[in-house]
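S.K.: Pasting work.tsv here (TSV, C-alpha atoms and all ligand atoms):
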chain	number	residue	atom	x	y	z
F	32	MET	CA	-18.96	16.97	-7.19
F	33	ALA	CA	-19.17	14.64	-10.16
F	34	PHE	CA	-18.92	17.27	-12.87
F	35	PHE	CA	-15.98	18.97	-11.27
F	36	LYS	CA	-13.88	15.83	-11.17
F	37	VAL	CA	-15.00	14.51	-14.51
F	38	PHE	CA	-14.64	17.83	-16.22
F	39	CYS	CA	-11.08	18.29	-15.14
F	40	CYS	CA	-10.30	15.08	-16.97
F	41	GLY	CA	-11.95	16.65	-19.99
F	42	ILE	CA	-14.76	14.15	-20.45
F	43	ALA	CA	-17.76	15.86	-18.86
F	44	SER	CA	-20.87	15.92	-20.99
F	45	ASP	CA	-23.82	18.35	-20.99
F	46	ARG	CA	-25.76	15.62	-19.30
F	47	ASP	CA	-23.31	15.38	-16.38
F	48	LEU	CA	-23.43	19.10	-15.91
F	49	TYR	CA	-27.18	19.50	-16.15
F	50	GLN	CA	-27.92	16.55	-13.92
F	51	CYS	CA	-25.57	18.15	-11.45
F	52	SER	CA	-27.47	21.42	-11.67
F	53	SER	CA	-31.00	20.10	-11.48
F	54	GLY	CA	-30.61	16.76	-9.79
F	55	ARG	CA	-33.24	15.36	-12.18
F	56	GLY	CA	-31.84	15.79	-15.69
F	57	LYS	CA	-35.24	16.04	-17.43
F	58	LYS	CA	-35.46	19.48	-19.03
F	59	GLN	CA	-32.96	20.89	-21.51
F	60	PRO	CA	-30.40	23.14	-19.83
F	61	PRO	CA	-30.68	26.86	-20.67
F	62	TRP	CA	-27.08	26.80	-21.92
F	63	ARG	CA	-25.12	24.78	-24.47
F	64	VAL	CA	-21.63	23.73	-25.50
F	65	PHE	CA	-20.10	26.03	-28.12
F	66	SER	CA	-17.51	24.97	-30.66
F	67	LEU	CA	-14.24	26.87	-30.77
F	68	LYS	CA	-14.91	27.61	-34.45
F	69	GLU	CA	-18.22	29.29	-33.58
F	70	LEU	CA	-16.60	31.46	-30.92
F	71	HIS	CA	-13.72	32.41	-33.24
F	72	SER	CA	-16.23	33.54	-35.82
F	73	ALA	CA	-18.40	35.40	-33.21
F	74	THR	CA	-15.45	37.39	-31.84
F	75	ASN	CA	-13.64	38.04	-35.15
F	76	ASN	CA	-10.89	35.63	-34.07
F	77	PHE	CA	-10.66	37.21	-30.60
F	78	ASN	CA	-9.76	40.48	-32.19
F	79	TYR	CA	-8.17	43.11	-29.93
F	80	ASP	CA	-10.98	45.54	-30.90
F	81	ASN	CA	-13.50	43.09	-29.43
F	82	LYS	CA	-11.77	42.99	-26.04
F	83	LEU	CA	-13.99	44.20	-23.18
F	84	GLY	CA	-11.55	43.77	-20.33
F	85	GLU	CA	-9.05	41.55	-18.66
F	86	GLY	CA	-9.14	39.78	-15.32
F	87	GLY	CA	-7.00	37.32	-13.41
F	88	PHE	CA	-8.50	34.40	-15.32
F	89	GLY	CA	-8.16	35.80	-18.82
F	90	SER	CA	-9.59	38.28	-21.27
F	91	VAL	CA	-13.26	38.96	-21.99
F	92	TYR	CA	-14.35	39.59	-25.62
F	93	TRP	CA	-17.54	40.93	-27.16
F	94	GLY	CA	-19.07	38.72	-29.83
F	95	GLN	CA	-22.13	38.25	-31.98
F	96	LEU	CA	-23.66	34.87	-32.80
F	97	TRP	CA	-25.19	33.89	-36.13
F	98	ASP	CA	-28.68	34.72	-34.76
F	99	GLY	CA	-27.58	38.31	-33.99
F	100	SER	CA	-27.48	37.88	-30.21
F	101	GLN	CA	-24.57	39.48	-28.38
F	102	ILE	CA	-22.29	37.51	-26.09
F	103	ALA	CA	-19.30	38.09	-23.81
F	104	VAL	CA	-16.65	35.36	-24.02
F	105	LYS	CA	-14.14	34.83	-21.25
F	106	ARG	CA	-11.02	33.13	-22.60
F	107	LEU	CA	-8.58	31.41	-20.28
F	108	LYS	CA	-5.16	33.07	-20.47
F	109	VAL	CA	-2.83	30.14	-20.04
F	110	TRP	CA	-3.77	26.57	-19.56
F	111	SER	CA	-2.77	25.00	-16.26
F	112	ASN	CA	-4.41	22.56	-13.88
F	113	LYS	CA	-5.16	25.40	-11.48
F	114	ALA	CA	-6.75	27.55	-14.18
F	115	ASP	CA	-8.72	24.55	-15.39
F	116	MET	CA	-10.07	24.06	-11.87
F	117	GLU	CA	-11.15	27.71	-11.70
F	118	PHE	CA	-12.85	27.30	-15.07
F	119	ALA	CA	-14.64	24.16	-13.91
F	120	VAL	CA	-15.76	25.83	-10.66
F	121	GLU	CA	-17.16	28.82	-12.49
F	122	VAL	CA	-19.02	26.72	-15.09
F	123	GLU	CA	-20.40	24.39	-12.47
F	124	ILE	CA	-21.65	27.19	-10.27
F	125	LEU	CA	-23.08	29.18	-13.16
F	126	ALA	CA	-24.95	26.13	-14.36
F	127	ARG	CA	-26.60	25.79	-10.94
F	128	VAL	CA	-27.80	29.33	-10.50
F	129	ARG	CA	-30.47	31.36	-12.24
F	130	HIS	CA	-31.58	34.72	-10.87
F	131	LYS	CA	-32.36	38.12	-12.38
F	132	ASN	CA	-29.38	39.63	-10.54
F	133	LEU	CA	-26.79	37.00	-11.48
F	134	LEU	CA	-24.95	36.90	-14.79
F	135	SER	CA	-26.26	33.84	-16.64
F	136	LEU	CA	-24.28	31.18	-18.39
F	137	ARG	CA	-24.94	30.82	-22.13
F	138	GLY	CA	-22.46	28.03	-22.46
F	139	TYR	CA	-18.86	26.98	-22.49
F	140	CYS	CA	-16.22	25.56	-24.78
F	141	ALA	CA	-13.43	23.16	-23.80
F	142	GLU	CA	-11.46	22.08	-26.84
F	143	GLY	CA	-7.82	21.04	-26.53
F	144	GLN	CA	-6.23	23.52	-24.16
F	145	GLU	CA	-8.81	26.24	-24.89
F	146	ARG	CA	-11.25	26.99	-22.04
F	147	LEU	CA	-13.96	29.58	-22.70
F	148	ILE	CA	-17.09	30.68	-20.87
F	149	VAL	CA	-19.94	32.34	-22.77
F	150	TYR	CA	-22.29	34.83	-21.06
F	151	ASP	CA	-24.98	37.25	-22.15
F	152	TYR	CA	-23.35	40.53	-23.13
F	153	MET	CA	-24.06	43.33	-20.65
F	154	PRO	CA	-24.06	46.58	-22.67
F	155	ASN	CA	-23.38	48.81	-19.70
F	156	LEU	CA	-20.28	46.86	-18.68
F	157	SER	CA	-19.12	46.78	-15.08
F	158	LEU	CA	-19.93	49.01	-12.13
F	159	LEU	CA	-16.17	49.62	-11.89
F	160	SER	CA	-16.12	51.20	-15.36
F	161	HIS	CA	-18.77	53.74	-14.22
F	162	LEU	CA	-17.23	54.51	-10.85
F	163	HIS	CA	-13.53	54.65	-11.72
F	164	GLY	CA	-13.03	53.56	-15.34
F	165	GLN	CA	-13.88	54.40	-18.92
F	166	HIS	CA	-17.43	55.69	-18.18
F	167	SER	CA	-16.61	57.52	-14.97
F	168	THR	CA	-16.70	61.01	-16.51
F	169	GLU	CA	-20.10	60.43	-18.13
F	170	SER	CA	-21.94	60.37	-14.77
F	171	LEU	CA	-24.47	57.82	-15.97
F	172	LEU	CA	-25.14	56.56	-12.46
F	173	ASP	CA	-27.77	58.84	-10.95
F	174	TRP	CA	-28.98	58.13	-7.44
F	175	ASN	CA	-31.95	55.98	-8.55
F	176	ARG	CA	-29.69	53.76	-10.60
F	177	ARG	CA	-27.29	53.44	-7.68
F	178	MET	CA	-30.12	52.42	-5.31
F	179	ASN	CA	-31.33	49.81	-7.84
F	180	ILE	CA	-27.79	48.47	-8.25
F	181	ALA	CA	-27.37	48.28	-4.45
F	182	ILE	CA	-30.64	46.39	-3.93
F	183	GLY	CA	-30.25	44.22	-7.06
F	184	SER	CA	-26.73	43.06	-6.27
F	185	ALA	CA	-27.75	42.41	-2.64
F	186	GLU	CA	-30.60	40.23	-3.94
F	187	GLY	CA	-28.20	38.34	-6.22
F	188	ILE	CA	-25.87	37.57	-3.30
F	189	LEU	CA	-28.82	36.68	-1.07
F	190	TYR	CA	-29.89	34.10	-3.66
F	191	LEU	CA	-26.41	32.54	-3.54
F	192	HIS	CA	-26.41	32.43	0.27
F	193	VAL	CA	-29.93	31.19	0.83
F	194	GLN	CA	-31.62	29.75	-2.24
F	195	ALA	CA	-28.83	28.03	-4.15
F	196	THR	CA	-28.32	24.37	-3.20
F	197	PRO	CA	-25.83	23.86	-1.76
F	198	HIS	CA	-25.32	27.42	-0.61
F	199	ILE	CA	-22.62	29.43	-2.34
F	200	ILE	CA	-20.14	32.00	-1.03
F	201	HIS	CA	-19.00	34.26	-3.85
F	202	ARG	CA	-15.66	35.28	-2.22
F	203	ASP	CA	-14.91	38.05	-4.75
F	204	VAL	CA	-17.73	40.58	-4.45
F	205	LYS	CA	-16.39	43.84	-5.94
F	206	ALA	CA	-17.27	46.59	-8.42
F	207	SER	CA	-15.70	44.86	-11.45
F	208	ASN	CA	-17.79	41.78	-10.69
F	209	VAL	CA	-21.10	43.64	-10.87
F	210	VAL	CA	-22.08	44.07	-14.52
F	211	LEU	CA	-24.98	46.19	-15.77
F	212	ASP	CA	-27.60	45.28	-18.36
F	213	SER	CA	-29.23	47.70	-20.83
F	214	ASP	CA	-31.53	49.02	-18.03
F	215	PHE	CA	-28.64	49.36	-15.57
F	216	GLN	CA	-29.93	46.41	-13.58
F	217	ALA	CA	-27.10	44.77	-11.63
F	218	ARG	CA	-25.89	41.22	-12.31
F	219	VAL	CA	-23.33	39.73	-9.97
F	220	ALA	CA	-20.67	37.95	-12.06
F	221	ASP	CA	-17.40	36.00	-11.89
F	222	PHE	CA	-17.81	32.80	-9.93
F	223	GLY	CA	-14.24	31.61	-10.49
F	224	PHE	CA	-13.47	31.96	-6.77
F	225	ALA	CA	-16.88	30.93	-5.45
F	226	LYS	CA	-17.22	28.09	-2.98
F	227	LEU	CA	-20.01	25.60	-2.54
F	228	ILE	CA	-20.88	25.21	1.13
F	229	PRO	CA	-21.77	21.68	2.22
F	230	ASP	CA	-24.92	21.35	4.32
F	231	GLY	CA	-24.35	22.15	7.98
F	232	ALA	CA	-20.91	23.75	7.55
F	233	THR	CA	-20.61	27.00	9.47
F	234	HIS	CA	-17.32	27.96	7.96
F	235	VAL	CA	-14.61	26.48	5.78
F	236	THR	CA	-10.93	27.16	6.19
F	237	THR	CA	-9.52	27.46	2.77
F	238	ARG	CA	-7.12	29.24	0.43
F	239	VAL	CA	-7.73	32.95	0.65
F	240	LYS	CA	-8.95	34.29	-2.68
F	241	GLY	CA	-10.31	37.70	-3.29
F	242	THR	CA	-9.29	41.27	-3.88
F	243	LEU	CA	-7.44	43.55	-1.49
F	244	GLY	CA	-9.66	46.28	-0.10
F	245	TYR	CA	-12.73	44.01	-0.14
F	246	LEU	CA	-11.43	41.12	1.98
F	247	ALA	CA	-13.00	40.54	5.39
F	248	PRO	CA	-10.18	40.61	7.99
F	249	GLU	CA	-10.91	37.19	9.53
F	250	TYR	CA	-10.86	35.68	6.05
F	251	ALA	CA	-7.67	37.48	5.00
F	252	MET	CA	-5.87	36.52	8.20
F	253	LEU	CA	-7.31	33.13	9.13
F	254	GLY	CA	-8.89	31.83	5.91
F	255	LYS	CA	-12.26	31.50	7.62
F	256	ALA	CA	-14.81	31.75	4.84
F	257	ASN	CA	-18.54	31.96	5.30
F	258	GLU	CA	-21.40	34.09	4.06
F	259	SER	CA	-20.37	37.01	6.30
F	260	CYS	CA	-17.19	37.46	4.20
F	261	ASP	CA	-19.41	38.37	1.24
F	262	VAL	CA	-21.39	40.70	3.54
F	263	TYR	CA	-18.16	42.54	4.43
F	264	SER	CA	-17.15	42.89	0.75
F	265	PHE	CA	-20.66	44.03	-0.09
F	266	GLY	CA	-20.40	46.75	2.59
F	267	ILE	CA	-17.23	48.04	0.91
F	268	LEU	CA	-19.00	47.94	-2.46
F	269	LEU	CA	-21.93	49.98	-1.04
F	270	LEU	CA	-19.56	52.66	0.29
F	271	GLU	CA	-17.88	52.78	-3.12
F	272	LEU	CA	-21.24	53.11	-4.86
F	273	ALA	CA	-22.40	55.95	-2.59
F	274	SER	CA	-19.14	57.89	-2.45
F	275	GLY	CA	-17.48	57.14	-5.80
F	276	LYS	CA	-14.25	56.49	-3.87
F	277	LYS	CA	-12.04	53.43	-4.33
F	278	PRO	CA	-11.92	50.78	-1.54
F	279	LEU	CA	-8.33	51.75	-0.77
F	280	GLU	CA	-7.17	55.34	-1.04
F	281	LYS	CA	-3.50	56.03	-1.64
F	282	LEU	CA	-2.20	58.39	1.05
F	283	SER	CA	1.49	58.09	0.26
F	284	SER	CA	3.75	55.82	-1.78
F	285	SER	CA	3.50	53.10	0.86
F	286	MET	CA	0.27	53.78	2.75
F	287	LYS	CA	-3.37	53.27	1.90
F	288	ARG	CA	-6.53	54.02	3.87
F	289	SER	CA	-9.59	51.80	3.60
F	290	ILE	CA	-12.90	53.36	2.59
F	291	ASN	CA	-14.60	52.21	5.83
F	292	ASP	CA	-11.93	53.88	7.98
F	293	TRP	CA	-12.60	57.08	6.05
F	294	ALA	CA	-16.40	56.81	6.17
F	295	LEU	CA	-17.03	55.70	9.77
F	296	PRO	CA	-15.98	58.94	11.54
F	297	LEU	CA	-18.06	60.98	9.07
F	298	ALA	CA	-21.10	58.77	9.66
F	299	CYS	CA	-20.65	59.07	13.46
F	300	GLU	CA	-20.66	62.85	13.10
F	301	LYS	CA	-23.71	62.55	10.83
F	302	LYS	CA	-21.87	64.31	8.01
F	303	PHE	CA	-23.58	62.20	5.37
F	304	SER	CA	-23.41	64.83	2.63
F	305	GLU	CA	-19.60	64.65	2.80
F	306	LEU	CA	-19.86	60.97	1.97
F	307	ALA	CA	-21.89	61.45	-1.23
F	308	ASP	CA	-20.18	61.11	-4.61
F	309	PRO	CA	-19.50	64.69	-5.82
F	310	ARG	CA	-20.57	63.54	-9.31
F	311	LEU	CA	-24.14	63.34	-7.98
F	312	ASN	CA	-24.07	67.15	-7.64
F	313	GLY	CA	-26.25	66.91	-4.55
F	314	ASN	CA	-29.01	65.08	-6.47
F	315	TYR	CA	-29.83	62.24	-4.12
F	316	SER	CA	-32.33	61.30	-1.45
F	317	GLU	CA	-30.73	62.22	1.89
F	318	GLU	CA	-32.69	59.52	3.64
F	319	GLU	CA	-31.56	56.82	1.18
F	320	LEU	CA	-27.93	57.96	1.19
F	321	LYS	CA	-27.89	57.78	4.98
F	322	ARG	CA	-29.46	54.33	4.89
F	323	VAL	CA	-26.94	53.02	2.34
F	324	VAL	CA	-23.98	54.39	4.33
F	325	LEU	CA	-25.22	52.97	7.65
F	326	VAL	CA	-25.95	49.57	6.13
F	327	ALA	CA	-22.53	49.59	4.41
F	328	LEU	CA	-20.68	50.30	7.65
F	329	ILE	CA	-22.62	47.70	9.60
F	330	CYS	CA	-21.70	45.16	6.90
F	331	ALA	CA	-18.02	46.17	6.83
F	332	GLN	CA	-17.43	45.70	10.57
F	333	ASN	CA	-14.38	43.70	11.50
F	334	GLN	CA	-16.27	41.36	13.82
F	335	PRO	CA	-18.14	38.89	11.58
F	336	GLU	CA	-20.74	38.07	14.25
F	337	LYS	CA	-21.87	41.70	14.29
F	338	ARG	CA	-22.52	41.85	10.55
F	339	PRO	CA	-26.09	41.42	9.29
F	340	THR	CA	-27.18	38.58	7.00
F	341	MET	CA	-27.85	39.39	3.33
F	342	LEU	CA	-31.57	38.96	4.06
F	343	GLU	CA	-31.36	41.74	6.65
F	344	VAL	CA	-29.26	43.83	4.25
F	345	VAL	CA	-31.90	43.59	1.50
F	346	ASP	CA	-34.67	44.53	3.99
F	347	LEU	CA	-32.69	47.47	5.34
F	348	LEU	CA	-31.76	48.77	1.89
F	349	LYS	CA	-35.38	48.64	0.80
F	350	GLY	CA	-36.20	50.66	3.92
F	351	GLU	CA	-39.51	48.89	4.39
F	352	SER	CA	-39.29	48.99	8.17
F	353	LYS	CA	-38.67	52.49	9.53
F	354	GLU	CA	-38.15	50.94	12.95
F	355	LYS	CA	-35.26	48.75	11.79
F	356	VAL	CA	-33.62	51.69	10.03
F	357	SER	CA	-33.78	53.82	13.19
F	358	GLN	CA	-32.40	50.89	15.24
F	359	LEU	CA	-29.52	50.84	12.79
F	360	GLU	CA	-28.78	54.48	13.48
F	361	ASN	CA	-28.54	53.72	17.19
F	362	ASN	CA	-26.09	50.86	16.70
F	363	GLU	CA	-23.10	51.02	19.06
F	364	LEU	CA	-20.78	51.29	16.05
F	365	PHE	CA	-22.00	54.84	15.41
F	366	LYS	CA	-21.81	55.92	19.06
F	367	ASN	CA	-18.18	55.25	19.74
F	368	PRO	CA	-16.43	53.58	16.81
F	369	LEU	CA	-13.09	53.18	18.59
F	370	ALA	CA	-14.64	51.62	21.70
F	371	VAL	CA	-16.19	48.80	19.67
F	372	GLY	CA	-12.84	48.19	18.01
F	373	ASN	CA	-13.58	48.41	14.33
F	374	ASN	CA	-9.85	48.86	13.90
F	375	ASP	CA	-9.11	45.83	16.01
F	376	GLU	CA	-5.88	43.89	16.26
F	377	ILE	CA	-6.55	41.54	13.39
F	378	PHE	CA	-6.52	44.37	10.96
F	379	VAL	CA	-3.76	46.28	12.64
F	380	SER	CA	-1.42	43.35	12.30
F	381	ALA	CA	-2.26	43.19	8.60
F	382	ALA	CA	-1.57	46.87	8.33
F	383	GLU	CA	2.01	46.80	9.52
F	384	GLY	CA	1.54	50.15	11.17
F	385	SER	CA	-1.11	52.56	12.29
F	386	SER	CA	-4.58	51.12	12.72
F	387	ASP	CA	-5.91	53.68	10.25
F	388	PHE	CA	-3.85	52.46	7.39
F	389	ILE	CA	-3.25	49.37	5.39
F	390	SER	CA	0.19	48.96	3.92
F	391	GLU	CA	0.31	48.83	0.17
F	392	GLU	CA	0.38	45.53	-1.69
F	393	LYS	CA	1.82	45.20	-5.15
F	394	ASP	CA	-0.96	43.00	-6.44
F	395	SER	CA	-4.61	43.81	-6.11
F	396	LYS	CA	-5.34	40.12	-6.33
F	397	HIS	CA	-4.69	38.43	-3.06
F	398	GLU	CA	-4.25	34.73	-2.85
F	399	MET	CA	-2.35	32.81	-0.22
F	400	GLU	CA	-2.09	29.27	0.92
F	401	GLU	CA	-3.74	28.57	4.26
F	402	ASN	CA	-4.48	25.51	6.30
F	403	LYS	CA	-7.18	23.57	4.54
F	404	GLU	CA	-9.97	21.59	6.10
F	405	PRO	CA	-11.35	18.57	4.31
R	501	LIG	N1	-21.08	39.65	-19.58
R	501	LIG	C1	-20.32	40.73	-19.72
R	501	LIG	N2	-20.74	41.75	-20.49
R	501	LIG	C2	-19.98	42.85	-20.64
R	501	LIG	N3	-18.76	43.01	-20.10
R	501	LIG	C3	-18.29	42.02	-19.33
R	501	LIG	C4	-19.02	40.83	-19.10
R	501	LIG	N4	-18.30	40.03	-18.30
R	501	LIG	C5	-17.17	40.68	-18.03
R	501	LIG	N5	-17.14	41.88	-18.66
R	501	LIG	C6	-16.07	42.87	-18.64
R	501	LIG	O1	-14.82	42.23	-18.67
R	501	LIG	C7	-13.99	42.70	-17.58
R	501	LIG	C8	-13.10	41.56	-17.12
R	501	LIG	O2	-13.89	40.62	-16.44
R	501	LIG	P1	-13.31	39.49	-15.51
R	501	LIG	O3	-14.45	38.92	-14.73
R	501	LIG	O4	-12.52	38.54	-16.33
R	501	LIG	O5	-12.24	40.23	-14.63
R	501	LIG	P2	-12.30	41.22	-13.38
R	501	LIG	O6	-13.50	40.93	-12.55
R	501	LIG	O7	-12.14	42.62	-13.88
R	501	LIG	O8	-10.97	40.81	-12.61
R	501	LIG	P3	-10.64	39.43	-11.88
R	501	LIG	O9	-11.03	38.29	-12.75
R	501	LIG	O10	-9.16	39.52	-11.73
R	501	LIG	O11	-11.38	39.43	-10.60
R	501	LIG	C9	-14.96	43.21	-16.53
R	501	LIG	O12	-14.47	44.23	-15.75
R	501	LIG	C10	-16.14	43.71	-17.37
R	501	LIG	O13	-15.96	45.08	-17.71
Please lay out the structure from this file as structure tokens.
Ligand SMILES: Nc1ncnc2c1ncn2[C@@H]1O[C@H](COP(=O)(O)OP(=O)(O)OP(=O)(O)O)[C@@H](O)[C@H]1O

M.R.:
Amino acid sequence: MAFFKVFCCGIASDRDLYQCSSGRGKKQPPWRVFSLKELHSATNNFNYDNKLGEGGFGSVYWGQLWDGSQIAVKRLKVWSNKADMEFAVEVEILARVRHKNLLSLRGYCAEGQERLIVYDYMPNLSLLSHLHGQHSTESLLDWNRRMNIAIGSAEGILYLHVQATPHIIHRDVKASNVVLDSDFQARVADFGFAKLIPDGATHVTTRVKGTLGYLAPEYAMLGKANESCDVYSFGILLLELASGKKPLEKLSSSMKRSINDWALPLACEKKFSELADPRLNGNYSEEELKRVVLVALICAQNQPEKRPTMLEVVDLLKGESKEKVSQLENNELFKNPLAVGNNDEIFVSAAEGSSDFISEEKDSKHEMEENKEP
């Protein structure tokens, strides 16, 4: 990865980056390098009033460029080699990908110890803000919008898994990483944890990065990352989208229940209406709700080999084949959930207790050192 190495030494040029993204280096890249001065002026000196949110990497600010266009600027919190690597990974990946359901790169700035990434501003902010945050009481997400967000974000992840070269695992699919444009179309964002998958690799053992509640058990426990980890996280996201519940529900001061452990028994008893977000006030397509819940649970199974691919997920969500949807309903998972071991040992050992519960963690961000493969 030429750019990655060169960039960390602070001498990457646009040319390095674009050649890396296209392999040819002929056309102009659709992004550019910004000066720190320009970004200071666009964000009113990173004024607190311009702040859109804060993540593990740093804060995100709203800004306006001289031509009137609106941008979101992610500013690295503290400079360190590790943070610089995350910055370089995100910029490199963003420069490679272009899809209607992925948040595009407008550019970056690396001056002195400042590291900033510039994106298009998404006026409807993140899915998290609508489900559990500042917009959650406004009920702006009707069922149609939710279906579009489900299909759109699935298509964005499918692009990463299948069309991007080399293939990319996102590793942090979650509601705060799905941002919404002015038409509430979903864009998958935040590639700071993403991983490029070399040709022919079936899985990579790596540092575990991601967010508790969305982590596939085999990845959390063994560091085995492949596309099916994103499928698991996407299943959790779908359940969250349909039900309005958080991925982990607090049951007591030390115990939490995962959304899939709550939803699976209800789906087995075909009590789909109990799974719908009460904020929908019953205004949803029963058939689509059922489809979303079934697909979500199939994705969020503990056994990675039983999860569908993102291509199958997109097909199922679109509901184009009635036959496939009815096959889904007859899946063994919905016949006898305990017999197929959705709460299998891997997760139980993580739970430090009953198989229904996951013990509480202080940090939502989960990162631990694991055995690395070259
Ligand atoms: N392009 C954008 N347009 C509008 N708002 C954005 C944009 N990008 C990010 N945001 C907002 O900034 C917030 C912080 O984003 P960021 O990706 O840094 O952190 P996060 O995903 O919330 O957490 P973490 O980085 O720890 O996973 C998001 O929740 C979102 O509301």

S.K.: Could I get the residue neighbourhood of ligand LIG 501 (chain R) at 9 Å, counting all atoms listed in the file, as a PyMOL selection string?

M.R.: chain F and resi 82-93+102-106+134-135+149-160+203-212+218+220-224+241-242+395-396

S.K.: Using all atoms listed in the file for the distances, tell me which of F:Glu271, F:Glu117, F:Glu69, F:Glu360 is nearest to Leu325 (chain F).

M.R.: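 Under the stated criterion, the closest residue is F:Glu360.
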
S.K.: Quick one: distance from CA of His161 (chain F) to CA of Leu272 (chain F) in Å, one decimal?

M.R.: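 That distance, rounded to one decimal, is 9.7 Å.
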
S.K.: Pick the closest to Ile199 (chain F) from F:Cys330, F:Ala141, F:Ala247, F:Val128: which is it, counting only C-alpha atoms?

M.R.: F:Val128

S.K.: Rounded to one decimal, what separation in Å do you get between CA of Pro335 (chain F) and CA of Ser259 (chain F)?

M.R.: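 The value is 6.0 Å.
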
S.K.: In Å, rounded to a single decimal, give me how far CA of Leu107 (chain F) is from CA of Ala185 (chain F).

M.R.: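 CA of Ala185 (chain F) sits 28.3 Å away from CA of Leu107 (chain F).
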
S.K.: So, counting all atoms listed in the file, which residue among F:Leu147, F:Leu270, F:Leu246, F:Ile329 is closest to Ala307 (chain F)?

M.R.: F:Leu270

S.K.: Around (-19.6, 58.9, 7.9), as given in the file, which residues come within 12 Å? Count all atoms listed in the file and list them as a ChimeraX atom specification.

M.R.: /F:270,273-274,290-307,320-329,360,364-366,368

S.K.: Find the residue from F:Leu311, F:Ala225, F:Val219, F:Val239 that sits nearest to Asn132 (chain F); use all atoms listed in the file when measuring.

M.R.: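 Closest to Asn132 (chain F) of all the choices is F:Val219.
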